[in-house]
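Next comes my_file24.cif, a file with mmCIF, C-alpha atoms.
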data_work
loop_
_atom_site.label_atom_id
_atom_site.label_comp_id
_atom_site.auth_asym_id
_atom_site.auth_seq_id
_atom_site.Cartn_x
_atom_site.Cartn_y
_atom_site.Cartn_z
CA MET U 1 101.00 413.71 30.50
CA LEU U 2 102.43 412.91 33.93
CA ILE U 3 100.33 410.71 36.22
CA TRP U 4 100.48 413.20 39.11
CA THR U 5 99.34 415.99 36.83
CA ILE U 6 96.34 413.92 35.76
CA ILE U 7 95.50 413.11 39.38
CA ARG U 8 95.76 416.81 40.30
CA ILE U 9 93.41 417.73 37.44
CA ALA U 10 90.99 415.02 38.63
CA PHE U 11 90.91 416.46 42.15
CA LYS U 12 90.39 419.96 40.73
CA SER U 13 87.45 418.63 38.73
CA ILE U 14 85.98 417.06 41.90
CA ALA U 15 86.50 420.30 43.85
CA ALA U 16 84.93 422.42 41.10
CA ASN U 17 81.68 420.42 41.30
CA LYS U 18 81.53 419.45 44.97
CA LEU U 19 77.85 418.53 45.21
CA ARG U 20 77.83 416.61 41.93
CA SER U 21 81.02 414.78 42.92
CA PHE U 22 79.65 413.91 46.36
CA LEU U 23 76.40 412.57 44.92
CA THR U 24 78.43 410.56 42.42
CA MET U 25 80.50 409.02 45.22
CA LEU U 26 77.55 408.48 47.56
CA GLY U 27 76.75 404.99 46.28
CA ILE U 28 80.38 403.93 46.75
CA ILE U 29 80.50 405.50 50.23
CA ILE U 30 77.30 403.80 51.42
CA GLY U 31 78.21 400.46 49.86
CA VAL U 32 81.73 400.31 51.31
CA ALA U 33 80.62 401.48 54.76
CA ALA U 34 77.72 399.00 54.83
CA VAL U 35 79.86 396.04 53.75
CA ILE U 36 82.52 396.77 56.40
CA ALA U 37 79.88 397.25 59.12
CA MET U 38 77.91 394.10 58.16
CA LEU U 39 81.02 391.90 58.15
CA ALA U 40 82.07 393.33 61.53
CA LEU U 41 78.61 392.57 62.98
CA GLY U 42 78.80 389.05 61.54
CA ALA U 43 82.22 388.47 63.13
CA GLY U 44 80.86 389.78 66.42
CA THR U 45 77.86 387.45 66.24
CA LYS U 46 80.06 384.44 65.56
CA ALA U 47 82.36 385.34 68.45
CA LYS U 48 79.35 385.79 70.75
CA VAL U 49 77.98 382.36 69.86
CA THR U 50 81.39 380.75 70.43
CA GLU U 51 81.81 382.56 73.74
CA SER U 52 78.34 381.49 74.88
CA VAL U 53 79.05 377.82 74.17
CA LYS U 54 82.45 377.97 75.89
CA GLY U 55 80.72 379.56 78.86
CA MET U 56 78.36 376.59 79.08
CA GLY U 57 81.28 374.17 79.37
CA SER U 58 83.73 372.29 77.19
CA ASN U 59 83.19 368.84 75.62
CA LEU U 60 79.59 369.07 76.71
CA LEU U 61 76.68 366.79 75.78
CA MET U 62 73.08 367.50 76.72
CA VAL U 63 70.39 364.83 77.20
CA ARG U 64 66.75 365.83 77.23
CA PRO U 65 63.47 363.92 76.95
CA SER U 66 61.60 363.93 73.65
CA SER U 67 58.40 362.55 72.15
CA ARG U 68 57.90 358.80 72.21
CA TRP U 69 57.04 357.31 68.83
CA GLY U 70 54.60 354.53 68.26
CA GLY U 71 52.67 353.38 65.22
CA GLY U 72 53.99 356.29 63.17
CA VAL U 73 52.41 358.86 65.51
CA SER U 74 54.29 360.83 68.16
CA SER U 75 52.79 361.54 71.54
CA ALA U 76 53.52 364.53 73.75
CA ALA U 77 56.98 364.84 75.28
CA ARG U 78 57.40 362.52 78.28
CA GLN U 79 59.58 363.28 81.29
CA ASP U 80 61.35 359.91 81.29
CA LEU U 81 64.83 360.91 82.49
CA THR U 82 65.72 359.74 85.98
CA LEU U 83 68.64 360.00 88.38
CA GLU U 84 69.27 356.31 87.67
CA ASP U 85 69.81 357.21 84.01
CA ALA U 86 72.52 359.69 85.00
CA ASP U 87 74.22 357.10 87.23
CA ALA U 88 74.06 354.46 84.47
CA ILE U 89 75.68 356.81 81.93
CA LEU U 90 78.53 357.61 84.34
CA GLU U 91 79.10 353.93 85.14
CA GLN U 92 78.72 352.43 81.65
CA VAL U 93 80.22 355.03 79.32
CA PRO U 94 83.98 355.21 80.00
CA VAL U 95 84.55 358.45 78.10
CA VAL U 96 82.12 360.38 80.32
CA GLU U 97 83.97 362.20 83.10
CA MET U 98 81.11 363.85 84.98
CA VAL U 99 77.34 364.04 84.87
CA SER U 100 75.07 366.79 86.11
CA PRO U 101 71.36 365.91 86.37
CA GLU U 102 69.07 368.94 86.43
CA ALA U 103 65.49 369.80 87.33
CA SER U 104 64.25 373.35 86.85
CA SER U 105 61.27 375.64 87.26
CA ARG U 106 60.51 379.33 87.75
CA TYR U 107 59.53 380.88 91.05
CA GLN U 108 59.43 384.24 92.76
CA ALA U 109 62.37 384.79 95.11
CA LYS U 110 61.98 387.29 97.97
CA TYR U 111 64.34 389.16 100.25
CA LEU U 112 62.71 391.64 102.64
CA ASN U 113 60.66 393.96 100.39
CA LYS U 114 62.38 392.95 97.15
CA ASN U 115 61.37 390.11 94.85
CA SER U 116 62.41 388.69 91.48
CA GLN U 117 60.97 386.06 89.14
CA VAL U 118 63.90 383.72 88.41
CA SER U 119 64.80 380.25 87.18
CA VAL U 120 65.43 377.85 90.06
CA LEU U 121 67.72 374.93 89.24
CA ALA U 122 67.99 371.79 91.32
CA GLU U 123 71.52 370.53 90.76
CA ALA U 124 74.25 368.17 91.92
CA PRO U 125 77.59 369.62 93.13
CA THR U 126 79.11 368.67 89.77
CA TYR U 127 76.94 371.35 88.10
CA PHE U 128 79.42 374.16 88.68
CA LYS U 129 82.35 372.35 87.04
CA VAL U 130 80.33 370.73 84.24
CA ARG U 131 78.65 374.01 83.28
CA ASN U 132 81.79 376.08 83.83
CA PHE U 133 80.46 378.26 86.66
CA VAL U 134 82.84 379.96 89.08
CA VAL U 135 81.61 380.85 92.56
CA GLU U 136 82.96 384.37 93.03
CA TYR U 137 81.71 384.98 96.57
CA GLY U 138 81.10 382.33 99.20
CA ARG U 139 81.07 378.67 98.16
CA ALA U 140 79.13 375.99 96.33
CA PHE U 141 77.09 373.37 98.17
CA THR U 142 78.54 369.92 98.88
CA GLU U 143 77.46 366.32 98.29
CA SER U 144 76.49 365.96 101.95
CA GLU U 145 74.24 369.03 101.70
CA VAL U 146 72.53 367.43 98.69
CA ASN U 147 72.01 364.16 100.62
CA GLN U 148 70.70 366.04 103.68
CA SER U 149 68.35 368.17 101.54
CA ALA U 150 69.95 371.31 102.98
CA LYS U 151 68.12 374.57 102.33
CA VAL U 152 71.04 376.47 100.86
CA ALA U 153 71.28 378.40 97.59
CA VAL U 154 73.86 379.83 95.19
CA LEU U 155 72.68 382.93 93.35
CA GLY U 156 73.53 384.20 89.88
CA SER U 157 75.12 387.65 89.89
CA LYS U 158 72.06 389.35 88.38
CA THR U 159 69.69 387.71 90.85
CA ALA U 160 71.97 388.77 93.70
CA ALA U 161 71.98 392.36 92.42
CA ASP U 162 68.18 392.38 91.97
CA LEU U 163 67.51 391.13 95.50
CA PHE U 164 70.38 392.61 97.50
CA GLY U 165 71.68 395.55 95.48
CA ASP U 166 75.18 396.40 96.73
CA LEU U 167 74.85 394.27 99.89
CA ASN U 168 76.80 391.03 100.30
CA PRO U 169 74.14 388.27 100.09
CA VAL U 170 76.29 385.49 101.54
CA GLY U 171 74.79 384.38 104.84
CA GLU U 172 71.48 386.14 104.22
CA GLN U 173 68.13 384.37 103.98
CA ILE U 174 65.80 384.41 100.98
CA LYS U 175 62.38 382.87 100.50
CA VAL U 176 61.41 380.75 97.47
CA LYS U 177 57.89 379.32 97.27
CA GLY U 178 57.48 379.97 100.97
CA ILE U 179 60.66 378.05 101.88
CA ASN U 180 63.64 379.80 103.48
CA PHE U 181 67.07 379.30 101.94
CA ILE U 182 70.44 380.50 103.23
CA VAL U 183 72.57 382.10 100.50
CA ILE U 184 76.01 380.50 100.58
CA GLY U 185 77.48 381.78 97.29
CA VAL U 186 77.25 384.01 94.22
CA THR U 187 78.51 382.94 90.79
CA LYS U 188 80.77 385.05 88.62
CA THR U 189 79.04 387.02 85.87
CA LYS U 190 78.83 385.30 82.48
CA GLY U 191 76.60 387.74 80.60
CA ASP U 192 73.27 387.35 78.85
CA GLN U 193 73.56 384.65 76.18
CA GLY U 194 70.45 385.52 74.19
CA TRP U 195 68.20 382.50 74.72
CA TYR U 196 68.77 382.58 78.50
CA ASN U 197 70.69 384.51 81.13
CA PRO U 198 72.94 382.30 83.31
CA ASP U 199 73.33 385.18 85.78
CA ASP U 200 69.59 385.32 86.52
CA GLN U 201 69.05 382.06 88.41
CA ILE U 202 69.14 380.35 91.78
CA VAL U 203 70.88 376.98 92.19
CA VAL U 204 69.78 374.72 95.05
CA PRO U 205 70.77 371.14 96.03
CA LEU U 206 69.19 368.50 93.81
CA ASN U 207 67.17 366.67 96.49
CA THR U 208 65.96 369.90 98.06
CA GLY U 209 64.79 371.30 94.75
CA MET U 210 63.11 368.14 93.43
CA ASN U 211 61.41 367.03 96.64
CA GLN U 212 60.58 370.22 98.52
CA LEU U 213 60.29 372.88 95.84
CA MET U 214 59.20 371.29 92.59
CA GLY U 215 57.66 367.99 93.66
CA LYS U 216 59.32 366.18 90.73
CA GLU U 217 60.33 362.53 90.54
CA ASN U 218 62.07 362.79 87.19
CA ILE U 219 64.70 365.23 85.99
CA ASP U 220 64.48 367.64 83.06
CA SER U 221 67.96 367.15 81.58
CA ILE U 222 71.38 365.61 82.05
CA TYR U 223 74.61 367.43 81.14
CA LEU U 224 77.71 365.34 80.48
CA THR U 225 81.36 366.20 80.06
CA VAL U 226 83.51 363.79 78.06
CA LYS U 227 87.27 363.33 78.05
CA ASP U 228 89.44 365.47 75.78
CA GLY U 229 90.10 363.93 72.38
CA THR U 230 86.92 361.86 72.44
CA ASP U 231 84.97 361.43 69.22
CA MET U 232 81.75 363.24 70.14
CA GLN U 233 79.62 361.20 67.73
CA GLU U 234 80.83 357.93 69.26
CA ALA U 235 80.12 359.34 72.73
CA ILE U 236 76.57 360.25 71.65
CA GLU U 237 76.02 356.72 70.33
CA SER U 238 77.32 355.15 73.56
CA VAL U 239 75.10 357.35 75.71
CA SER U 240 72.10 356.61 73.49
CA ALA U 241 72.71 352.84 73.79
CA VAL U 242 72.78 353.06 77.60
CA LEU U 243 69.58 355.11 77.74
CA ARG U 244 67.77 352.76 75.36
CA ARG U 245 68.62 349.89 77.71
CA GLN U 246 67.55 351.92 80.73
CA HIS U 247 64.21 352.80 79.12
CA LYS U 248 63.72 349.30 77.67
CA ILE U 249 63.17 350.62 74.15
CA GLN U 250 62.74 347.79 71.65
CA PRO U 251 64.81 347.70 68.43
CA GLY U 252 63.14 349.63 65.63
CA ARG U 253 61.36 352.01 67.97
CA GLY U 254 62.35 355.65 68.27
CA ASP U 255 64.18 357.16 71.23
CA ASP U 256 62.26 358.99 73.93
CA PHE U 257 65.27 361.25 74.51
CA THR U 258 67.68 363.39 72.52
CA VAL U 259 71.44 363.66 72.95
CA ARG U 260 73.01 366.81 71.55
CA ASN U 261 76.54 368.06 71.17
CA LEU U 262 76.43 371.74 72.11
CA GLN U 263 79.46 372.47 69.93
CA GLU U 264 77.54 371.27 66.87
CA ILE U 265 74.67 373.59 67.84
CA ALA U 266 77.16 376.45 68.15
CA ASP U 267 78.69 375.62 64.76
CA SER U 268 75.23 375.57 63.17
CA LEU U 269 74.34 378.92 64.71
CA ALA U 270 77.65 380.40 63.61
CA GLU U 271 77.12 379.07 60.07
CA VAL U 272 73.62 380.55 59.92
CA SER U 273 74.99 383.83 61.23
CA GLN U 274 77.74 383.83 58.61
CA VAL U 275 75.31 383.13 55.76
CA PHE U 276 73.00 385.88 57.00
CA THR U 277 75.93 388.28 57.26
CA LEU U 278 77.13 387.51 53.74
CA LEU U 279 73.57 388.00 52.50
CA LEU U 280 73.41 391.43 54.14
CA ALA U 281 76.87 392.29 52.80
CA GLY U 282 75.73 391.20 49.33
CA VAL U 283 72.68 393.45 49.53
CA ALA U 284 74.90 396.30 50.73
CA SER U 285 77.33 395.72 47.85
CA ILE U 286 74.51 396.56 45.42
CA SER U 287 75.20 400.15 46.46
CA LEU U 288 78.68 399.72 44.99
CA LEU U 289 77.14 398.68 41.68
CA VAL U 290 74.81 401.67 41.78
CA GLY U 291 77.76 403.89 42.65
CA GLY U 292 79.73 402.50 39.72
CA ILE U 293 76.86 403.28 37.35
CA GLY U 294 76.80 406.79 38.79
CA ILE U 295 80.51 407.18 38.08
CA MET U 296 80.05 406.01 34.49
CA ASN U 297 77.16 408.43 34.06
CA ILE U 298 79.08 411.42 35.42
CA MET U 299 82.18 410.56 33.40
CA LEU U 300 80.09 410.43 30.21
CA VAL U 301 78.73 413.87 31.11
CA THR U 302 82.28 415.07 31.80
CA VAL U 303 83.51 413.81 28.43
CA THR U 304 80.66 415.64 26.72
CA GLU U 305 81.33 418.84 28.65
CA ARG U 306 85.04 418.76 27.83
CA THR U 307 84.73 417.84 24.16
CA ARG U 308 86.47 421.03 22.98
CA GLU U 309 89.25 420.48 25.54
CA ILE U 310 89.75 416.98 24.14
CA GLY U 311 89.91 418.36 20.60
CA ILE U 312 92.50 421.00 21.59
CA ARG U 313 94.67 418.45 23.35
CA LYS U 314 94.54 416.11 20.37
CA ALA U 315 95.40 419.00 18.03
CA LEU U 316 98.41 419.78 20.24
CA GLY U 317 99.67 416.21 19.92
CA ALA U 318 97.97 414.28 22.76
CA ARG U 319 97.80 410.60 21.94
CA PRO U 320 94.63 408.50 22.43
CA PHE U 321 96.50 406.65 25.21
CA ASP U 322 97.07 409.95 27.05
CA LEU U 323 93.38 410.81 26.97
CA LEU U 324 92.38 407.25 27.90
CA THR U 325 94.73 407.39 30.89
CA GLN U 326 93.51 410.84 31.94
CA PHE U 327 89.79 410.04 32.04
CA LEU U 328 90.33 406.55 33.42
CA LEU U 329 92.40 407.95 36.27
CA GLU U 330 89.77 410.60 36.95
CA ALA U 331 87.15 407.84 37.32
CA VAL U 332 89.49 405.87 39.61
CA VAL U 333 90.18 408.96 41.74
CA VAL U 334 86.44 409.56 42.19
CA SER U 335 85.85 405.90 43.05
CA LEU U 336 88.81 405.62 45.44
CA THR U 337 87.87 408.88 47.16
CA GLY U 338 84.40 407.48 47.73
CA GLY U 339 85.94 404.20 48.90
CA ILE U 340 88.21 405.93 51.42
CA LEU U 341 85.29 407.98 52.77
CA GLY U 342 83.21 404.78 52.95
CA ILE U 343 85.99 403.00 54.87
CA THR U 344 86.16 405.93 57.28
CA PHE U 345 82.40 405.91 57.86
CA GLY U 346 82.36 402.10 58.14
CA ILE U 347 85.10 402.00 60.79
CA GLY U 348 83.50 404.94 62.58
CA SER U 349 80.13 403.15 62.66
CA ILE U 350 81.78 400.06 64.23
CA PHE U 351 83.36 402.09 67.04
CA LEU U 352 80.14 404.05 67.55
CA PHE U 353 78.11 400.83 67.73
CA ASN U 354 80.53 399.32 70.26
CA TYR U 355 80.49 402.52 72.34
CA VAL U 356 76.68 402.51 72.49
CA MET U 357 76.54 398.80 73.36
CA ALA U 358 79.22 399.17 76.06
CA ASN U 359 77.67 402.21 77.71
CA TYR U 360 73.95 401.61 77.32
CA PHE U 361 73.57 397.82 76.98
CA ASP U 362 76.30 396.57 79.35
CA GLY U 363 78.45 395.32 76.48
CA ALA U 364 75.94 392.59 75.61
CA PHE U 365 77.20 392.49 72.03
CA SER U 366 79.97 394.10 70.02
CA ALA U 367 81.11 394.27 66.40
CA ILE U 368 84.63 393.07 65.65
CA PHE U 369 86.77 395.24 63.37
CA GLN U 370 88.65 393.24 60.73
CA VAL U 371 91.36 394.43 58.37
CA TRP U 372 90.54 392.23 55.39
CA PRO U 373 87.12 393.83 54.62
CA VAL U 374 88.87 397.22 54.53
CA VAL U 375 91.49 395.95 52.07
CA LEU U 376 88.76 394.23 50.03
CA ALA U 377 86.65 397.42 49.98
CA PHE U 378 89.63 399.51 48.83
CA CYS U 379 90.46 397.04 46.03
CA PHE U 380 86.80 396.84 45.04
CA SER U 381 86.59 400.64 44.86
CA PHE U 382 89.59 400.67 42.54
CA ALA U 383 88.04 397.93 40.39
CA VAL U 384 84.74 399.85 40.18
CA GLY U 385 86.60 402.98 39.00
CA VAL U 386 88.46 401.03 36.30
CA PHE U 387 85.43 399.01 35.14
CA PHE U 388 82.92 401.85 34.97
CA GLY U 389 85.46 404.47 33.88
CA TRP U 390 86.78 402.47 30.94
CA TYR U 391 83.94 403.15 28.51
CA PRO U 392 83.83 406.97 29.01
CA ALA U 393 87.63 407.13 28.85
CA ARG U 394 87.70 405.09 25.66
CA LYS U 395 85.01 407.30 24.17
CA ALA U 396 87.18 410.35 24.90
CA ALA U 397 90.29 408.71 23.44
CA ALA U 398 88.46 407.69 20.23
CA MET U 399 86.98 411.15 19.62
CA ASP U 400 87.83 412.77 16.25
CA PRO U 401 89.78 416.03 16.94
CA ILE U 402 88.10 417.94 14.07
CA ASP U 403 84.59 417.06 15.30
CA ALA U 404 85.67 417.85 18.82
CA LEU U 405 86.92 421.33 17.86
CA ARG U 406 83.64 422.05 16.05
CA TYR U 407 81.59 421.06 19.13
CA GLU U 408 79.61 423.91 20.72
#

Could you write out this file's structure as structure tokens?
Amino acid sequence: MLIWTIIRIAFKSIAANKLRSFLTMLGIIIGVAAVIAMLALGAGTKAKVTESVKGMGSNLLMVRPSSRWGGGVSSAARQDLTLEDADAILEQVPVVEMVSPEASSRYQAKYLNKNSQVSVLAEAPTYFKVRNFVVEYGRAFTESEVNQSAKVAVLGSKTAADLFGDLNPVGEQIKVKGINFIVIGVTKTKGDQGWYNPDDQIVVPLNTGMNQLMGKENIDSIYLTVKDGTDMQEAIESVSAVLRRQHKIQPGRGDDFTVRNLQEIADSLAEVSQVFTLLLAGVASISLLVGGIGIMNIMLVTVTERTREIGIRKALGARPFDLLTQFLLEAVVVSLTGGILGITFGIGSIFLFNYVMANYFDGAFSAIFQVWPVVLAFCFSFAVGVFFGWYPARKAAAMDPIDALRYE
């Protein structure tokens, strides 16, 4: 029997029992659609993490205080980082290009009758280059403004929108903790990065923020950029050695600071995201197994229902191979039809998800369509049809024609 004839008969069989055929294919449809959607979400998550880290700056190290250890017991975290530590790192570690010491707190910012609770960062002028911020309107503050404790501020785009709406904030005056600041710039939008929003902040000169706003003597963190091609682990060790000397930590005692490579954090987050995505895709693929069992079940029912047809065909000279091919192809057609519908639903769900995120959540996150999951899903659908259709097809091919003709 010709292959196309067999395929046509298979489609007629599907059309003759539409509801039964659809329910048979439902497991394949759900499984394929879920796998494609989960892998797209995983790719989107990984891209988001990578984008967030790139937005924070390239070749970036972060130094923060940690618990001091003594006698096997750790005390509470101590704020031991100083401006002198930042200067020492810049002077004594040749691979470090720039440092950006930071002190931060949260305050209510006011403009006329509007107010917003935001993060206020006391920074050096190097902050904008180290942390990869672009001042879209106005300008950043200068070194002389830091030394003079000038009351100027650069707003994040979200903070600017919350306080000023559509007005241009440059040149306007805001109040933070009862102190007036002149807005001199607004940074370009970066987008919410999950654990914090870089667009919802106010950046003020380091001396102004530490002395007049926060009343801090020590800083909360130091961000460092290192030269391209530098071994990040060696840079971390060099920075740690300088800080241990600065803090007079004796050999054998633990550090009272931590130095982290943000790229390693991003890689860890991306790896966790990938494992979680594969786990979800694995759970979704169980639907494919269930769908395959459904195909085997329906094909066994079909073989039983068409027992007399099988007997007539064998009596007319059909070979076992012909019957094996016919029923196997019917199972493959059912499986591939479900797979194609699943691919359609999976791709449709990706575009629908991205549309909703773009229009209702400001494009905070998006799934990334990939071709290889579609190809994999199609091949897997074919494999399911062959694997679960083999036994019913072989049963039909091995049927005795005399017994088949006697079947009622």

What's the 10 Å shell around U:Glu145, counting all atoms listed in the file, without same-chain residues fewer than 2 positions away, as an mmCIF file with C-alpha atoms, in the frame of the given file?
data_model
loop_
_atom_site.group_PDB
_atom_site.id
_atom_site.type_symbol
_atom_site.label_atom_id
_atom_site.label_comp_id
_atom_site.auth_asym_id
_atom_site.auth_seq_id
_atom_site.Cartn_x
_atom_site.Cartn_y
_atom_site.Cartn_z
ATOM 1 C CA ALA U 124 74.250 368.170 91.920
ATOM 2 C CA PRO U 125 77.590 369.620 93.130
ATOM 3 C CA PHE U 141 77.090 373.370 98.170
ATOM 4 C CA THR U 142 78.540 369.920 98.880
ATOM 5 C CA GLU U 143 77.460 366.320 98.290
ATOM 6 C CA ASN U 147 72.010 364.160 100.620
ATOM 7 C CA GLN U 148 70.700 366.040 103.680
ATOM 8 C CA SER U 149 68.350 368.170 101.540
ATOM 9 C CA ALA U 150 69.950 371.310 102.980
ATOM 10 C CA LYS U 151 68.120 374.570 102.330
ATOM 11 C CA VAL U 152 71.040 376.470 100.860
ATOM 12 C CA VAL U 204 69.780 374.720 95.050
ATOM 13 C CA PRO U 205 70.770 371.140 96.030
ATOM 14 C CA LEU U 206 69.190 368.500 93.810
ATOM 15 C CA ASN U 207 67.170 366.670 96.490
ATOM 16 C CA THR U 208 65.960 369.900 98.060
#

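Between atom CA of U:Gly252 and atom CA of U:Glu234 there is a distance of 19.9 Å.
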
Could you spell out the hits of the PyMOL selection byres ((chain U and resi 353-357) around 12) on the shown file, as a PyMOL selection string?
chain U and resi 37-38+40-41+44+345-352+358-369

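Rounded to one decimal, atom CA of U:Ala15 and atom CA of U:Phe380 lie 23.5 Å from each other.
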
Minimum-distance residue to U:Gln201, chosen among U:Val120, U:Ile236, U:Leu278, U:Lys129 (using only C-alpha atoms):
U:Val120

note - atom CA of U:Lys248 and atom CA of U:Asp80 are separated by 11.5 Å

Contacts of stretch 209-260 of chain U with stretch 57-66 of chain U up to 7 Å, shortest pair per row, all atoms listed in the file, as a tab-separated table:
residue	atom	partner	partner_atom	distance
U:Asp220	CA	U:Arg64	CA	6.5
U:Ser221	CA	U:Arg64	CA	4.7
U:Ile222	CA	U:Val63	CA	5.0
U:Tyr223	CA	U:Met62	CA	4.7
U:Leu224	CA	U:Leu61	CA	5.0
U:Thr225	CA	U:Leu60	CA	4.8
U:Val226	CA	U:Asn59	CA	5.6
U:Asp256	CA	U:Ser66	CA	5.0
U:Phe257	CA	U:Pro65	CA	4.0
U:Thr258	CA	U:Arg64	CA	5.4
U:Val259	CA	U:Val63	CA	4.5
U:Arg260	CA	U:Met62	CA	5.2

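Shortest atom-to-atom contact with U:Val134 among U:Ser104, U:Ser116, U:Asn297, U:Lys188: U:Lys188, counting all atoms listed in the file.
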
Kindly resolve the PyMOL selection byres ((chain U and resi 386-397) around 10) on the present coordinates and return the residues as a ChimeraX atom specification.
/U:289,291-304,306-307,310-311,314,318-335,380-385,398-401,404

Find the residues around U:Val35 up to 12 Å (all atoms listed in the file counted), leave out those fewer than 4 positions away in its own chain, and share them as a JSON list (two decimals) with C-alpha atoms, keeping the file's coordinate frame.
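The resulting file, out_31.json, is reproduced below:
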[["chain", "number", "residue", "atom", "x", "y", "z"],
["U", 28, "ILE", "CA", 80.38, 403.93, 46.75],
["U", 29, "ILE", "CA", 80.50, 405.50, 50.23],
["U", 30, "ILE", "CA", 77.30, 403.80, 51.42],
["U", 31, "GLY", "CA", 78.21, 400.46, 49.86],
["U", 39, "LEU", "CA", 81.02, 391.90, 58.15],
["U", 40, "ALA", "CA", 82.07, 393.33, 61.53],
["U", 41, "LEU", "CA", 78.61, 392.57, 62.98],
["U", 42, "GLY", "CA", 78.80, 389.05, 61.54],
["U", 277, "THR", "CA", 75.93, 388.28, 57.26],
["U", 278, "LEU", "CA", 77.13, 387.51, 53.74],
["U", 279, "LEU", "CA", 73.57, 388.00, 52.50],
["U", 280, "LEU", "CA", 73.41, 391.43, 54.14],
["U", 281, "ALA", "CA", 76.87, 392.29, 52.80],
["U", 282, "GLY", "CA", 75.73, 391.20, 49.33],
["U", 283, "VAL", "CA", 72.68, 393.45, 49.53],
["U", 284, "ALA", "CA", 74.90, 396.30, 50.73],
["U", 285, "SER", "CA", 77.33, 395.72, 47.85],
["U", 286, "ILE", "CA", 74.51, 396.56, 45.42],
["U", 287, "SER", "CA", 75.20, 400.15, 46.46],
["U", 288, "LEU", "CA", 78.68, 399.72, 44.99],
["U", 339, "GLY", "CA", 85.94, 404.20, 48.90],
["U", 342, "GLY", "CA", 83.21, 404.78, 52.95],
["U", 343, "ILE", "CA", 85.99, 403.00, 54.87],
["U", 345, "PHE", "CA", 82.40, 405.91, 57.86],
["U", 346, "GLY", "CA", 82.36, 402.10, 58.14],
["U", 347, "ILE", "CA", 85.10, 402.00, 60.79],
["U", 349, "SER", "CA", 80.13, 403.15, 62.66],
["U", 350, "ILE", "CA", 81.78, 400.06, 64.23],
["U", 369, "PHE", "CA", 86.77, 395.24, 63.37],
["U", 370, "GLN", "CA", 88.65, 393.24, 60.73],
["U", 372, "TRP", "CA", 90.54, 392.23, 55.39],
["U", 373, "PRO", "CA", 87.12, 393.83, 54.62],
["U", 374, "VAL", "CA", 88.87, 397.22, 54.53],
["U", 375, "VAL", "CA", 91.49, 395.95, 52.07],
["U", 376, "LEU", "CA", 88.76, 394.23, 50.03],
["U", 377, "ALA", "CA", 86.65, 397.42, 49.98],
["U", 378, "PHE", "CA", 89.63, 399.51, 48.83],
["U", 380, "PHE", "CA", 86.80, 396.84, 45.04]]

Could you name the residues that touch U:Val203 at 9 Å or less, counting only C-alpha atoms, but leaving out those on the same chain fewer than 5 positions away, as a PDB file with C-alpha atoms, keeping the file's coordinate frame?
ATOM      1  CA  SER U 119      64.800 380.250  87.180  1.00  0.00           C
ATOM      2  CA  VAL U 120      65.430 377.850  90.060  1.00  0.00           C
ATOM      3  CA  LEU U 121      67.720 374.930  89.240  1.00  0.00           C
ATOM      4  CA  ALA U 122      67.990 371.790  91.320  1.00  0.00           C
ATOM      5  CA  GLU U 123      71.520 370.530  90.760  1.00  0.00           C
ATOM      6  CA  VAL U 152      71.040 376.470 100.860  1.00  0.00           C
ATOM      7  CA  ALA U 153      71.280 378.400  97.590  1.00  0.00           C
ATOM      8  CA  VAL U 154      73.860 379.830  95.190  1.00  0.00           C
ATOM      9  CA  LEU U 155      72.680 382.930  93.350  1.00  0.00           C
ATOM     10  CA  GLY U 156      73.530 384.200  89.880  1.00  0.00           C
ATOM     11  CA  GLY U 209      64.790 371.300  94.750  1.00  0.00           C
TER      12      GLY U 209
END

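Nearest to U:Asn115 of all the residues U:Gly165, U:Pro251, U:Gly229, U:Gly138 is U:Gly165, based on all atoms listed in the file.
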
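Picked out by the PyMOL selection byres ((chain U and resi 89) around 10) when it runs on this file: Glu84, Asp85, Ala86, Asp87, Ala88, Leu90, Glu91, Gln92, Val93, Pro94, Val95, Val96, Glu97, Met98, Val99, Ile222, Leu224, Ser238, Val239, Ser240, Ala241, Val242, Leu243 and Gln246 of chain U.
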